[in-house]
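Shown next: input01.txt, given as compact mmCIF, C-alpha atoms and all ligand atoms.
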```txt
# COMPACT_ATOMS: atom_id res chain seq x y z
CA MET A 1 58.68 -31.72 37.31
CA LYS A 2 61.69 -30.83 39.36
CA LEU A 3 65.23 -32.12 38.85
CA THR A 4 67.92 -31.79 41.49
CA THR A 5 71.41 -33.17 40.97
CA ALA A 6 74.18 -33.61 43.52
CA GLY A 7 77.68 -34.98 43.56
CA GLU A 8 81.35 -34.09 43.29
CA SER A 9 83.57 -35.29 40.45
CA HIS A 10 85.77 -37.50 42.67
CA GLY A 11 83.22 -37.99 45.42
CA LYS A 12 81.43 -41.27 46.03
CA ALA A 13 78.58 -40.80 43.60
CA LEU A 14 76.45 -38.52 41.47
CA VAL A 15 72.77 -38.44 42.34
CA ALA A 16 69.59 -37.00 40.78
CA ILE A 17 66.11 -36.71 42.21
CA ILE A 18 63.20 -36.17 39.81
CA GLU A 19 59.90 -35.10 41.32
CA GLY A 20 56.60 -34.93 39.46
CA LEU A 21 56.87 -37.88 37.08
CA PRO A 22 53.52 -39.55 36.36
CA ALA A 23 52.97 -43.21 37.26
CA HIS A 24 53.30 -45.97 34.62
CA LEU A 25 56.20 -44.37 32.73
CA LYS A 26 58.41 -47.19 31.42
CA VAL A 27 62.03 -46.83 32.52
CA ASP A 28 64.59 -48.54 30.29
CA THR A 29 67.85 -48.77 32.25
CA GLU A 30 69.71 -50.30 29.30
CA LYS A 31 68.79 -47.33 27.13
CA ILE A 32 69.93 -44.91 29.83
CA ASN A 33 73.23 -46.78 30.12
CA GLY A 34 73.59 -46.51 26.34
CA GLU A 35 73.29 -42.71 26.61
CA LEU A 36 75.84 -42.71 29.44
CA ALA A 37 78.30 -44.69 27.32
CA LEU A 38 77.84 -42.19 24.47
CA ARG A 39 78.52 -39.28 26.83
CA GLN A 40 81.84 -40.90 27.71
CA SER A 41 82.89 -41.38 24.10
CA GLY A 42 84.09 -39.22 21.21
CA PHE A 43 87.57 -38.48 19.88
CA GLY A 44 89.61 -36.34 22.27
CA ARG A 45 88.21 -37.42 25.65
CA GLY A 46 90.59 -37.68 28.61
CA ALA A 47 91.94 -40.54 30.70
CA ARG A 48 89.13 -40.33 33.29
CA GLN A 49 86.79 -41.99 30.81
CA LYS A 50 89.05 -45.07 30.83
CA ILE A 51 88.46 -45.40 34.58
CA GLU A 52 84.70 -44.89 34.60
CA ARG A 53 82.03 -47.20 33.12
CA ASP A 54 79.02 -45.05 33.99
CA GLN A 55 75.98 -47.16 34.85
CA VAL A 56 72.81 -45.84 36.43
CA GLU A 57 71.34 -47.38 39.55
CA ILE A 58 67.73 -46.48 40.30
CA LEU A 59 67.23 -46.21 44.03
CA THR A 60 63.62 -45.04 44.38
CA GLY A 61 60.40 -44.30 42.54
CA VAL A 62 60.41 -47.25 40.13
CA ARG A 63 59.03 -50.76 40.50
CA ASN A 64 59.26 -53.47 37.86
CA ASN A 65 60.62 -50.93 35.35
CA GLU A 66 57.69 -48.51 35.78
CA THR A 67 57.47 -45.25 37.69
CA LEU A 68 55.22 -45.13 40.74
CA GLY A 69 54.62 -41.37 40.68
CA SER A 70 56.89 -40.95 43.71
CA PRO A 71 60.22 -39.09 43.62
CA MET A 72 62.72 -41.00 41.51
CA THR A 73 66.35 -41.21 42.60
CA LEU A 74 69.10 -42.05 40.15
CA CYS A 75 72.68 -42.76 41.15
CA ILE A 76 75.99 -43.22 39.34
CA TYR A 77 78.92 -44.37 41.46
CA ASN A 78 82.27 -42.73 40.65
CA LYS A 79 84.77 -45.58 40.23
CA ASP A 80 87.61 -43.07 40.67
CA PHE A 81 86.45 -42.41 44.26
CA GLU A 82 88.50 -45.48 45.31
CA ASN A 83 91.62 -43.50 44.34
CA TRP A 84 90.39 -40.36 46.11
CA SER A 85 88.65 -41.66 49.24
CA ASN A 86 91.31 -40.32 51.64
CA CYS A 87 90.90 -36.88 50.07
CA MET A 88 87.22 -36.68 49.08
CA SER A 89 85.49 -38.74 51.80
CA SER A 90 82.65 -37.06 53.70
CA GLY A 91 84.29 -38.36 56.89
CA ASP A 92 87.90 -37.94 57.98
CA CYS A 93 90.35 -37.21 55.15
CA ASP A 94 94.13 -37.45 55.20
CA GLU A 95 95.42 -33.84 55.60
CA SER A 96 98.67 -34.58 53.74
CA VAL A 97 96.77 -36.01 50.74
CA MET A 98 94.37 -33.07 50.82
CA THR A 99 97.33 -30.70 50.70
CA ALA A 100 98.99 -32.66 47.89
CA LYS A 101 95.75 -32.59 45.86
CA SER A 102 94.89 -28.98 46.64
CA LEU A 103 94.67 -26.53 43.76
CA THR A 104 95.62 -22.89 44.21
CA LYS A 105 97.09 -22.11 40.76
CA VAL A 106 93.63 -21.11 39.64
CA ARG A 107 92.72 -21.85 36.01
CA PRO A 108 91.55 -18.97 33.80
CA GLY A 109 88.08 -19.77 32.48
CA HIS A 110 87.29 -22.21 35.31
CA ALA A 111 85.22 -21.48 38.42
CA ASP A 112 88.37 -21.77 40.61
CA LEU A 113 89.18 -18.15 41.50
CA THR A 114 85.69 -16.67 41.72
CA GLY A 115 84.53 -19.74 43.65
CA ILE A 116 87.41 -19.56 46.16
CA ILE A 117 86.58 -15.92 46.89
CA LYS A 118 82.79 -16.42 47.02
CA PHE A 119 82.85 -19.47 49.31
CA GLN A 120 85.87 -18.32 51.33
CA GLN A 121 87.95 -21.40 50.60
CA THR A 122 91.70 -21.72 50.33
CA ASP A 123 91.63 -24.80 48.04
CA ALA A 124 89.89 -24.54 44.66
CA ARG A 125 89.17 -28.28 44.90
CA ASN A 126 86.23 -27.33 47.11
CA ILE A 127 84.83 -25.52 44.06
CA LEU A 128 86.06 -27.47 41.07
CA GLU A 129 84.79 -30.83 42.27
CA ARG A 130 81.23 -29.55 41.79
CA ALA A 131 81.97 -27.27 38.84
CA SER A 132 83.37 -30.24 36.89
CA ALA A 133 81.44 -31.39 33.84
CA ARG A 134 81.41 -34.83 35.46
CA GLU A 135 78.02 -33.69 36.84
CA THR A 136 76.61 -33.97 33.34
CA ALA A 137 76.69 -37.77 33.65
CA ILE A 138 73.76 -37.73 36.04
CA ARG A 139 71.93 -35.12 33.93
CA VAL A 140 72.25 -37.49 30.98
CA ALA A 141 70.83 -40.33 33.10
CA ALA A 142 67.86 -38.14 34.08
CA GLY A 143 67.57 -37.11 30.43
CA GLY A 144 67.09 -40.78 29.57
CA VAL A 145 64.00 -40.85 31.82
CA TYR A 146 62.64 -37.64 30.25
CA LYS A 147 63.30 -39.02 26.77
CA GLY A 148 61.12 -42.02 27.69
CA TYR A 149 58.32 -39.61 28.66
CA LEU A 150 58.67 -37.71 25.37
CA SER A 151 58.92 -40.80 23.20
CA ALA A 152 55.62 -42.07 24.71
CA LEU A 153 54.12 -38.94 23.11
CA GLY A 154 55.91 -39.44 19.78
CA ILE A 155 58.52 -36.73 20.40
CA GLU A 156 62.10 -37.47 19.38
CA ILE A 157 65.37 -35.59 19.86
CA GLY A 158 68.43 -35.80 17.60
CA GLY A 159 71.51 -33.76 16.80
CA TYR A 160 75.05 -33.63 15.50
CA VAL A 161 78.33 -31.80 16.01
CA SER A 162 78.41 -28.81 13.66
CA GLU A 163 81.83 -27.37 14.55
CA ILE A 164 85.05 -28.30 16.31
CA CYS A 165 87.61 -25.52 16.75
CA GLY A 166 86.92 -23.81 13.43
CA VAL A 167 86.25 -26.99 11.40
CA LYS A 168 82.62 -26.85 10.31
CA ASP A 169 80.13 -29.50 9.25
CA GLY A 170 77.53 -27.21 7.73
CA GLY A 171 75.38 -29.92 6.14
CA ARG A 172 71.61 -29.60 6.20
CA TYR A 173 70.56 -33.01 7.38
CA THR A 174 67.15 -34.66 7.60
CA PHE A 175 66.11 -35.77 11.06
CA ASN A 176 66.77 -39.43 10.19
CA GLU A 177 70.28 -38.66 8.95
CA LEU A 178 71.12 -37.27 12.40
CA LEU A 179 70.92 -40.76 13.91
CA ARG A 180 74.29 -41.66 12.32
CA ALA A 181 76.03 -38.87 14.27
CA LYS A 182 76.13 -41.13 17.34
CA THR A 183 78.18 -43.70 15.43
CA THR A 184 80.95 -41.38 14.18
CA GLN A 185 84.09 -40.51 16.17
CA THR A 186 83.43 -36.79 16.47
CA GLY A 187 79.63 -36.58 16.15
CA MET A 188 80.07 -34.94 12.74
CA LEU A 189 78.32 -36.39 9.70
CA ASP A 190 80.49 -35.02 6.90
CA THR A 191 83.46 -37.40 6.60
CA GLN A 192 85.86 -34.76 5.31
CA ALA A 193 84.97 -32.36 8.12
CA GLU A 194 85.38 -35.22 10.60
CA ARG A 195 88.87 -36.02 9.31
CA LEU A 196 89.93 -32.37 9.56
CA ALA A 197 88.42 -32.09 13.04
CA MET A 198 90.32 -35.18 14.22
CA ASP A 199 93.58 -33.76 12.84
CA LYS A 200 92.84 -30.52 14.67
CA ILE A 201 92.15 -32.33 17.97
CA ALA A 202 95.37 -34.38 17.62
CA GLU A 203 97.34 -31.19 16.95
CA LEU A 204 95.80 -29.41 19.97
CA LYS A 205 96.61 -32.42 22.16
CA LYS A 206 100.26 -32.24 21.13
CA GLN A 207 100.28 -28.53 22.02
CA GLY A 208 98.61 -29.12 25.41
CA ASP A 209 95.61 -27.10 24.22
CA THR A 210 91.83 -27.73 24.10
CA ALA A 211 89.02 -27.38 21.52
CA GLY A 212 85.75 -25.46 21.54
CA GLY A 213 82.85 -26.37 19.31
CA ALA A 214 79.14 -26.34 18.61
CA VAL A 215 76.25 -28.78 18.21
CA GLU A 216 72.84 -28.61 16.60
CA ILE A 217 69.90 -30.18 18.41
CA ARG A 218 66.57 -30.89 16.72
CA VAL A 219 63.22 -32.01 18.10
CA LYS A 220 60.59 -33.75 16.01
CA GLY A 221 56.96 -34.32 16.93
CA LEU A 222 56.36 -31.49 19.41
CA LYS A 223 52.87 -30.10 18.84
CA SER A 224 52.20 -26.38 18.76
CA GLY A 225 51.36 -24.25 21.78
CA PHE A 226 54.01 -25.37 24.30
CA GLY A 227 55.59 -22.48 26.19
CA ASN A 228 53.69 -19.31 26.93
CA VAL A 229 53.63 -15.94 25.19
CA MET A 230 51.73 -14.42 28.12
CA THR A 231 54.38 -14.82 30.81
CA TYR A 232 58.00 -14.15 29.92
CA ALA A 233 59.46 -16.72 32.31
CA GLU A 234 57.40 -19.43 30.62
CA LYS A 235 58.53 -18.70 27.05
CA LEU A 236 59.79 -21.93 25.52
CA ASP A 237 62.86 -20.32 23.92
CA ALA A 238 63.76 -18.66 27.24
CA ARG A 239 63.48 -21.95 29.09
CA LEU A 240 65.49 -23.90 26.54
CA ALA A 241 68.19 -21.23 26.57
CA GLN A 242 68.28 -21.30 30.38
CA GLY A 243 68.63 -25.08 30.42
CA LEU A 244 71.29 -25.19 27.72
CA MET A 245 73.28 -22.30 29.19
CA SER A 246 73.40 -24.22 32.48
CA ILE A 247 75.60 -26.89 30.86
CA GLN A 248 79.22 -26.45 31.96
CA ALA A 249 81.31 -24.39 29.48
CA VAL A 250 78.36 -23.41 27.25
CA LYS A 251 78.68 -19.80 26.13
CA GLY A 252 76.02 -19.44 23.45
CA VAL A 253 72.60 -20.72 22.40
CA GLU A 254 70.89 -19.99 19.10
CA ILE A 255 67.32 -20.80 18.13
CA GLY A 256 66.53 -21.20 14.43
CA ALA A 257 68.47 -18.66 12.40
CA GLY A 258 69.91 -17.34 15.67
CA PHE A 259 72.41 -14.51 15.35
CA ALA A 260 72.03 -14.56 11.54
CA VAL A 261 68.74 -12.64 12.02
CA ALA A 262 70.85 -9.57 12.69
CA SER A 263 72.01 -9.38 9.08
CA THR A 264 68.69 -10.05 7.31
CA SER A 265 65.55 -8.10 6.49
CA GLY A 266 62.05 -9.21 7.45
CA LYS A 267 61.10 -10.58 4.07
CA ASP A 268 64.12 -12.91 4.07
CA ILE A 269 63.71 -14.30 7.55
CA HIS A 270 60.08 -14.87 8.55
CA ASP A 271 58.52 -18.19 7.63
CA GLU A 272 55.47 -17.55 5.48
CA ILE A 273 52.27 -19.36 6.43
CA PHE A 274 50.17 -21.59 4.16
CA TYR A 275 47.06 -23.73 4.64
CA ASP A 276 46.13 -27.10 3.23
CA GLU A 277 42.95 -29.10 3.97
CA LYS A 278 44.99 -32.16 4.92
CA LYS A 279 48.08 -30.58 6.52
CA GLY A 280 46.32 -27.63 8.15
CA PHE A 281 48.54 -24.57 8.66
CA TYR A 282 52.13 -25.08 7.58
CA ARG A 283 55.32 -23.22 6.65
CA GLU A 284 57.75 -24.01 3.86
CA SER A 285 60.81 -22.81 5.79
CA ASN A 286 61.79 -23.01 9.45
CA ARG A 287 64.11 -20.11 10.19
CA ALA A 288 62.20 -19.52 13.43
CA GLY A 289 63.49 -22.89 14.65
CA GLY A 290 59.98 -24.05 15.56
CA ILE A 291 59.29 -21.30 18.09
CA GLU A 292 57.22 -18.13 17.58
CA GLY A 293 56.11 -15.87 20.40
CA GLY A 294 57.84 -18.13 22.91
CA MET A 295 55.57 -21.05 21.90
CA SER A 296 56.26 -24.13 19.80
CA ASN A 297 54.61 -23.73 16.38
CA GLY A 298 54.54 -27.41 15.39
CA GLU A 299 57.66 -27.29 13.19
CA GLU A 300 60.91 -29.03 14.22
CA LEU A 301 62.76 -27.26 17.03
CA VAL A 302 66.24 -26.24 15.87
CA LEU A 303 68.78 -25.20 18.52
CA ARG A 304 72.51 -24.62 18.36
CA VAL A 305 74.80 -24.65 21.37
CA ALA A 306 78.41 -23.39 21.53
CA MET A 307 80.91 -24.56 24.13
CA LYS A 308 84.18 -22.86 25.01
CA PRO A 309 87.36 -24.95 25.06
CA ILE A 310 87.80 -26.73 28.41
CA PRO A 311 89.80 -24.39 30.69
CA THR A 312 92.24 -27.06 31.90
CA LEU A 313 95.14 -26.73 29.47
CA MET A 314 98.13 -29.05 29.81
CA GLN A 315 100.38 -26.15 28.73
CA GLY A 316 98.95 -23.98 31.56
CA LEU A 317 97.90 -20.37 31.02
CA ARG A 318 99.32 -17.46 33.02
CA THR A 319 97.63 -16.99 36.37
CA VAL A 320 98.26 -16.11 40.01
CA ASP A 321 98.76 -18.64 42.80
CA TYR A 322 95.93 -17.87 45.24
CA ALA A 323 98.06 -18.95 48.22
CA THR A 324 101.24 -16.96 47.46
CA LYS A 325 99.82 -14.27 45.11
CA GLU A 326 102.80 -14.98 42.83
CA GLN A 327 102.47 -14.95 39.04
CA THR A 328 102.63 -18.55 37.82
CA LYS A 329 101.26 -21.09 35.31
CA ALA A 330 97.76 -22.50 35.92
CA ALA A 331 97.39 -26.00 37.34
CA SER A 332 96.99 -28.71 34.72
CA GLU A 333 94.76 -31.45 36.08
CA ARG A 334 94.01 -34.39 33.79
CA SER A 335 91.29 -33.28 31.35
CA ASP A 336 89.78 -33.64 27.89
CA VAL A 337 91.09 -32.06 24.69
CA CYS A 338 87.64 -32.12 23.09
CA ALA A 339 84.27 -32.91 24.70
CA ILE A 340 81.95 -31.65 21.93
CA PHE A 341 80.63 -35.16 21.18
CA ALA A 342 79.63 -35.32 24.86
CA LEU A 343 78.05 -31.87 24.62
CA GLU A 344 75.68 -33.17 21.95
CA ILE A 345 74.48 -35.98 24.23
CA ILE A 346 74.21 -33.65 27.24
CA ALA A 347 72.33 -30.98 25.26
CA GLU A 348 69.81 -33.60 24.12
CA ALA A 349 69.27 -34.61 27.75
CA VAL A 350 68.76 -31.00 28.85
CA VAL A 351 66.32 -30.31 26.00
CA ALA A 352 64.41 -33.46 27.02
CA GLN A 353 64.26 -32.21 30.60
CA VAL A 354 62.95 -28.77 29.63
CA LEU A 355 60.35 -30.18 27.23
CA ALA A 356 59.06 -32.81 29.66
CA ASP A 357 58.75 -30.08 32.25
CA VAL A 358 56.87 -27.71 29.92
CA ILE A 359 54.56 -30.48 28.70
CA SER A 360 53.72 -31.71 32.19
CA GLU A 361 52.93 -28.14 33.30
CA ARG A 362 50.40 -27.78 30.50
CA LEU A 363 48.93 -31.28 30.54
CA GLY A 364 49.34 -32.45 34.15
CA GLY A 365 48.32 -36.11 34.56
CA ASP A 366 48.81 -38.62 37.36
CA THR A 367 49.50 -41.43 34.92
CA MET A 368 51.33 -41.68 31.62
CA GLU A 369 48.09 -42.83 29.97
CA GLU A 370 46.40 -39.59 31.05
CA VAL A 371 49.29 -37.54 29.63
CA GLN A 372 49.13 -39.47 26.34
CA GLU A 373 45.37 -39.01 26.02
CA ARG A 374 45.62 -35.27 26.64
CA TYR A 375 48.50 -34.88 24.19
CA LYS A 376 46.63 -36.81 21.50
CA LYS A 377 43.63 -34.48 21.76
CA LEU A 378 45.72 -31.38 21.04
CA PRO A 379 45.55 -29.94 17.52
C1 LIG B 1 84.51 -35.39 33.29
C2 LIG B 1 85.35 -35.88 34.24
C3 LIG B 1 86.48 -35.12 34.70
C4 LIG B 1 87.06 -34.28 33.55
C5 LIG B 1 86.01 -33.41 32.92
C6 LIG B 1 84.70 -34.06 32.69
O1 LIG B 1 87.39 -36.06 35.17
P1 LIG B 1 88.81 -35.73 35.84
O2 LIG B 1 88.72 -34.34 36.42
O3 LIG B 1 88.97 -36.79 36.88
O4 LIG B 1 89.76 -35.89 34.70
O5 LIG B 1 87.56 -35.13 32.57
O6 LIG B 1 85.80 -32.32 33.76
C7 LIG B 1 86.16 -31.08 33.35
C8 LIG B 1 86.20 -30.73 32.09
C9 LIG B 1 86.49 -30.11 34.37
O7 LIG B 1 86.83 -28.97 33.99
O8 LIG B 1 86.46 -30.48 35.52
C10 LIG B 1 83.38 -36.18 32.81
O9 LIG B 1 83.09 -37.29 33.30
O10 LIG B 1 82.71 -35.68 31.89
```

Starting from the coordinates I provided, produce the structure as structure tokens.
Amino acid sequence: MKLTTAGESHGKALVAIIEGLPAHLKVDTEKINGELALRQSGFGRGARQKIERDQVEILTGVRNNETLGSPMTLCIYNKDFENWSNCMSSGDCDESVMTAKSLTKVRPGHADLTGIIKFQQTDARNILERASARETAIRVAAGGVYKGYLSALGIEIGGYVSEICGVKDGGRYTFNELLRAKTTQTGMLDTQAERLAMDKIAELKKQGDTAGGAVEIRVKGLKSGFGNVMTYAEKLDARLAQGLMSIQAVKGVEIGAGFAVASTSGKDIHDEIFYDEKKGFYRESNRAGGIEGGMSNGEELVLRVAMKPIPTLMQGLRTVDYATKEQTKAASERSDVCAIFALEIIAEAVVAQVLADVISERLGGDTMEEVQERYKKLP
């Protein structure tokens, strides 16, 4: 399966094309719109989310709510484009508006400066419009399609927010408990941690600052043997890390015990193997996070993803104006104080994309029924 996304933050629309979906996959637009609404929510989001009401429109590849096996095109129109059309239109733009909206006080941590130099631009808007995490809206929409594919095989994805700017929710939750994370204000499950995190976000907002954080993503129902120990590019952990690291502002991915492996010895970290007539092979712990040798081992996948604070700070960090080369304060475009709740939704979508891709490579199938039959036969 191949996913391509396109679109600028204040352009007309965001678009995704998915190639390689089997026929007869049910597409639930309402469910996808539910995921899109979640991506827009969470305590600490910015004013843009008051303008947008992200809704997916399916342009190709689906008839009567079922895929045809042809390329599928998804589209989300940017409502804010109405306010930007004379500056972001693909046709003639108004030069004076373009100048007024241009950004040269490049933001540390953003793609502005490196992008300007690489693409030989004079206005960082030509970079930031694509670099913006607004793009994740269409990835979440595509993720909704992939989640439908996975759920037809009995595979579910859940998660929660485990940290916001130093406030940790370190609970060990069952998969079913994770469902409640989508109903809280921060994505955290521990009410005390949530209260502290909200205080922290409010304080950062007052200071014109932003919050980093981390999420945990879990996958239930994935059978063993997905990914490939024989070819390094096909290792499941490598592919998940690649996908998750491609999310805007993500700086770290851990699988299972992650970086904690560095401070343990072998006897304390490896998951010992047992056998039972009914259960077959099983492990009593899951520090490997469900992946051994780059292949799923049948246990839950456990992934953690860390995101840096959004680089647009209202207080403005020290930088250089690209146009004048004078020392100045960075531009402060409207932005979010905390988007970690959104990160959880986006990370789920990306994990769904990677897994659907890996499964379809192994199982093939022109129709969803074929995929289901082949999956069922696996040990
Ligand atoms: C985002 C929309 C953007 C930003 C944010 C994510 O809207 P605007 O730039 O109009 O406020 O809120 O983008 C960034 C963090 C960024 O650095 O560009 C969204 O829909 O998620």

* Could you report the residues within 9 Å of ligand LIG 1 (chain B), using only C-alpha atoms and all ligand atoms, as JSON, numbers by chain? => {"A": [9, 10, 39, 40, 45, 46, 47, 48, 49, 51, 52, 54, 80, 110, 111, 128, 129, 130, 131, 132, 133, 134, 135, 136, 137, 248, 249, 310, 311, 312, 333, 334, 335, 336, 337, 339, 342]}

If you take all atoms listed in the file and a cut-off of 10 Å, which residues of range 136-170 of chain A touch range 185-193 of chain A, and what are their nearest atom pairs and distances in Å to one decimal, in chain and number order, as a tab-separated table?
```
residue	atom	partner	partner_atom	distance
A:Gly159	CA	A:Gly187	CA	8.6
A:Tyr160	CA	A:Gly187	CA	5.5
A:Val161	CA	A:Met188	CA	4.9
A:Ser162	CA	A:Met188	CA	6.4
A:Glu163	CA	A:Met188	CA	8.0
A:Ile164	CA	A:Thr186	CA	8.6
A:Val167	CA	A:Ala193	CA	6.4
A:Lys168	CA	A:Ala193	CA	6.4
A:Asp169	CA	A:Ala193	CA	5.7
A:Gly170	CA	A:Asp190	CA	8.4
```

* Asked: How far is it from CA of Lys101 in chain A to CA of Gly7 in chain A, in Å with one decimal?
  -> 18.4 Å

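One distance worth recording is that between CA of Lys220 in chain A and CA of Glu156 in chain A, which is 5.2 Å.
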
* Structure fact -> Asn297 in chain A proximity check over A:Met368, A:Val358, A:Leu236, A:Cys338, using only C-alpha atoms: winner is A:Leu236

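Take CA of Ala257 in chain A and CA of Val140 in chain A: the distance between them is 26.7 Å.
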
* Asked: Counting all atoms listed in the file, what is within 9 Å of Asp237 in chain A, bar same-chain residues fewer than 5 positions away, as a PyMOL selection string?
  -> chain A and resi 227+242+255+291-296

For those residues, write C-alpha atoms to a file as a short mmCIF file (atom, residue, chain, number, x, y, z; two decimals), keeping the file's coordinate frame.
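Output saved as out.cif:
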```cif
data_model
loop_
_atom_site.label_atom_id
_atom_site.label_comp_id
_atom_site.auth_asym_id
_atom_site.auth_seq_id
_atom_site.Cartn_x
_atom_site.Cartn_y
_atom_site.Cartn_z
CA GLY A 227 55.59 -22.48 26.19
CA GLN A 242 68.28 -21.30 30.38
CA ILE A 255 67.32 -20.80 18.13
CA ILE A 291 59.29 -21.30 18.09
CA GLU A 292 57.22 -18.13 17.58
CA GLY A 293 56.11 -15.87 20.40
CA GLY A 294 57.84 -18.13 22.91
CA MET A 295 55.57 -21.05 21.90
CA SER A 296 56.26 -24.13 19.80
#
```

* Asked: Which neighbours of Leu3 in chain A fall inside 8 Å, counting all atoms listed in the file, when residues of the same chain fewer than 6 positions from it are skipped, and could you give them as a list in words?
  -> Ala16, Ile17, Ile18 and Glu19 of chain A

Those same residues - C-alpha atoms - I'd like them written as a JSON list (two decimals), keeping the file's coordinate frame.
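Below is the file that was written, out-v7.json:
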```json
[["chain", "number", "residue", "atom", "x", "y", "z"],
["A", 16, "ALA", "CA", 69.59, -37.00, 40.78],
["A", 17, "ILE", "CA", 66.11, -36.71, 42.21],
["A", 18, "ILE", "CA", 63.20, -36.17, 39.81],
["A", 19, "GLU", "CA", 59.90, -35.10, 41.32]]
```

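Among the candidates A:Gly42, A:Gly365, A:Gly154, A:Gly252, the residue lying nearest to Pro22 in chain A is A:Gly365 (atoms considered: only C-alpha atoms).
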
* Write out as a VMD selection string each polymer residue whose atoms come within 12 Å of Thr60 in chain A, counting all atoms listed in the file; drop sequence neighbours fewer than 2 positions from it. => chain A and resid 15 to 19 57 to 58 62 to 75

Write the residues you've just listed into a file as a short mmCIF file (atom, residue, chain, number, x, y, z; two decimals), in the coordinates of the input, and include C-alpha atoms for each of them.
```cif
data_model
loop_
_atom_site.label_atom_id
_atom_site.label_comp_id
_atom_site.auth_asym_id
_atom_site.auth_seq_id
_atom_site.Cartn_x
_atom_site.Cartn_y
_atom_site.Cartn_z
CA VAL A 15 72.77 -38.44 42.34
CA ALA A 16 69.59 -37.00 40.78
CA ILE A 17 66.11 -36.71 42.21
CA ILE A 18 63.20 -36.17 39.81
CA GLU A 19 59.90 -35.10 41.32
CA GLU A 57 71.34 -47.38 39.55
CA ILE A 58 67.73 -46.48 40.30
CA VAL A 62 60.41 -47.25 40.13
CA ARG A 63 59.03 -50.76 40.50
CA ASN A 64 59.26 -53.47 37.86
CA ASN A 65 60.62 -50.93 35.35
CA GLU A 66 57.69 -48.51 35.78
CA THR A 67 57.47 -45.25 37.69
CA LEU A 68 55.22 -45.13 40.74
CA GLY A 69 54.62 -41.37 40.68
CA SER A 70 56.89 -40.95 43.71
CA PRO A 71 60.22 -39.09 43.62
CA MET A 72 62.72 -41.00 41.51
CA THR A 73 66.35 -41.21 42.60
CA LEU A 74 69.10 -42.05 40.15
CA CYS A 75 72.68 -42.76 41.15
#
```

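Once range 83-86 of chain A and its same-chain neighbours fewer than 5 positions away are set aside, His10, Gly11, Lys12, Gly91, Asp92, Cys93, Asp94, Glu95, Ser96, Val97, Met98 and Lys101 of chain A remain within 10 Å of it when counting all atoms listed in the file.
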
Find the spatial neighbours of Val56 in chain A, counting only C-alpha atoms, within a cut-off of 12 Å - ignore same-chain residues fewer than 6 positions away - and output them as a compact mmCIF listing (two decimals) with C-alpha atoms, in the frame of the given file.
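Okay, selection_18.txt is ready:
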```txt
# COMPACT_ATOMS: atom_id res chain seq x y z
CA ALA A 13 78.58 -40.80 43.60
CA LEU A 14 76.45 -38.52 41.47
CA VAL A 15 72.77 -38.44 42.34
CA ALA A 16 69.59 -37.00 40.78
CA VAL A 27 62.03 -46.83 32.52
CA ASP A 28 64.59 -48.54 30.29
CA THR A 29 67.85 -48.77 32.25
CA GLU A 30 69.71 -50.30 29.30
CA LYS A 31 68.79 -47.33 27.13
CA ILE A 32 69.93 -44.91 29.83
CA ASN A 33 73.23 -46.78 30.12
CA GLY A 34 73.59 -46.51 26.34
CA GLU A 35 73.29 -42.71 26.61
CA LEU A 36 75.84 -42.71 29.44
CA ALA A 37 78.30 -44.69 27.32
CA THR A 73 66.35 -41.21 42.60
CA LEU A 74 69.10 -42.05 40.15
CA CYS A 75 72.68 -42.76 41.15
CA ILE A 76 75.99 -43.22 39.34
CA TYR A 77 78.92 -44.37 41.46
CA ASN A 78 82.27 -42.73 40.65
CA ALA A 137 76.69 -37.77 33.65
CA ILE A 138 73.76 -37.73 36.04
CA ARG A 139 71.93 -35.12 33.93
CA VAL A 140 72.25 -37.49 30.98
CA ALA A 141 70.83 -40.33 33.10
CA ALA A 142 67.86 -38.14 34.08
CA GLY A 143 67.57 -37.11 30.43
CA GLY A 144 67.09 -40.78 29.57
CA VAL A 145 64.00 -40.85 31.82
```

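Ranking A:Ile359, A:Asp321, A:Lys182, A:Leu378 by their shortest atom-to-atom distance to Arg107 in chain A, with all atoms listed in the file included, puts A:Asp321 first.
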
Per residue of range 235-332 of chain A within 12 Å of range 113-120 of chain A, record the nearest atom pair and its distance in Å to one decimal, counting only C-alpha atoms, with rows in chain order and ascending residue number, as a tab-separated table.
```
residue	atom	partner	partner_atom	distance
A:Thr319	CA	A:Leu113	CA	10.0
A:Val320	CA	A:Leu113	CA	9.4
A:Asp321	CA	A:Leu113	CA	9.7
A:Tyr322	CA	A:Leu113	CA	7.7
A:Ala323	CA	A:Ile116	CA	10.9
A:Lys325	CA	A:Leu113	CA	11.9
A:Ala330	CA	A:Leu113	CA	11.1
```

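Each of A:Ser246, A:Gly225, A:Ala214, A:Gly298 was compared to Arg362 in chain A using only C-alpha atoms, and A:Gly225 turns out to be the nearest.
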
* To do: Could you tell me which of A:Glu361, A:Glu8, A:Glu373, A:Glu300 comes closest to Lys223 in chain A if we count all atoms listed in the file?
  => A:Glu300

* List every protein, DNA or RNA residue with an atom no more than 8 Å from (57.2, -19.8, 7.1) in the file's coordinates, counting only C-alpha atoms, and format the result as an MDAnalysis selection string. => chainID A and resid 270:274 282:287

Using only C-alpha atoms, please write the residues we just selected to a file, as a short mmCIF file (atom, residue, chain, number, x, y, z; two decimals), in the coordinates of the input.
```
data_model
loop_
_atom_site.label_atom_id
_atom_site.label_comp_id
_atom_site.auth_asym_id
_atom_site.auth_seq_id
_atom_site.Cartn_x
_atom_site.Cartn_y
_atom_site.Cartn_z
CA HIS A 270 60.08 -14.87 8.55
CA ASP A 271 58.52 -18.19 7.63
CA GLU A 272 55.47 -17.55 5.48
CA ILE A 273 52.27 -19.36 6.43
CA PHE A 274 50.17 -21.59 4.16
CA TYR A 282 52.13 -25.08 7.58
CA ARG A 283 55.32 -23.22 6.65
CA GLU A 284 57.75 -24.01 3.86
CA SER A 285 60.81 -22.81 5.79
CA ASN A 286 61.79 -23.01 9.45
CA ARG A 287 64.11 -20.11 10.19
#
```
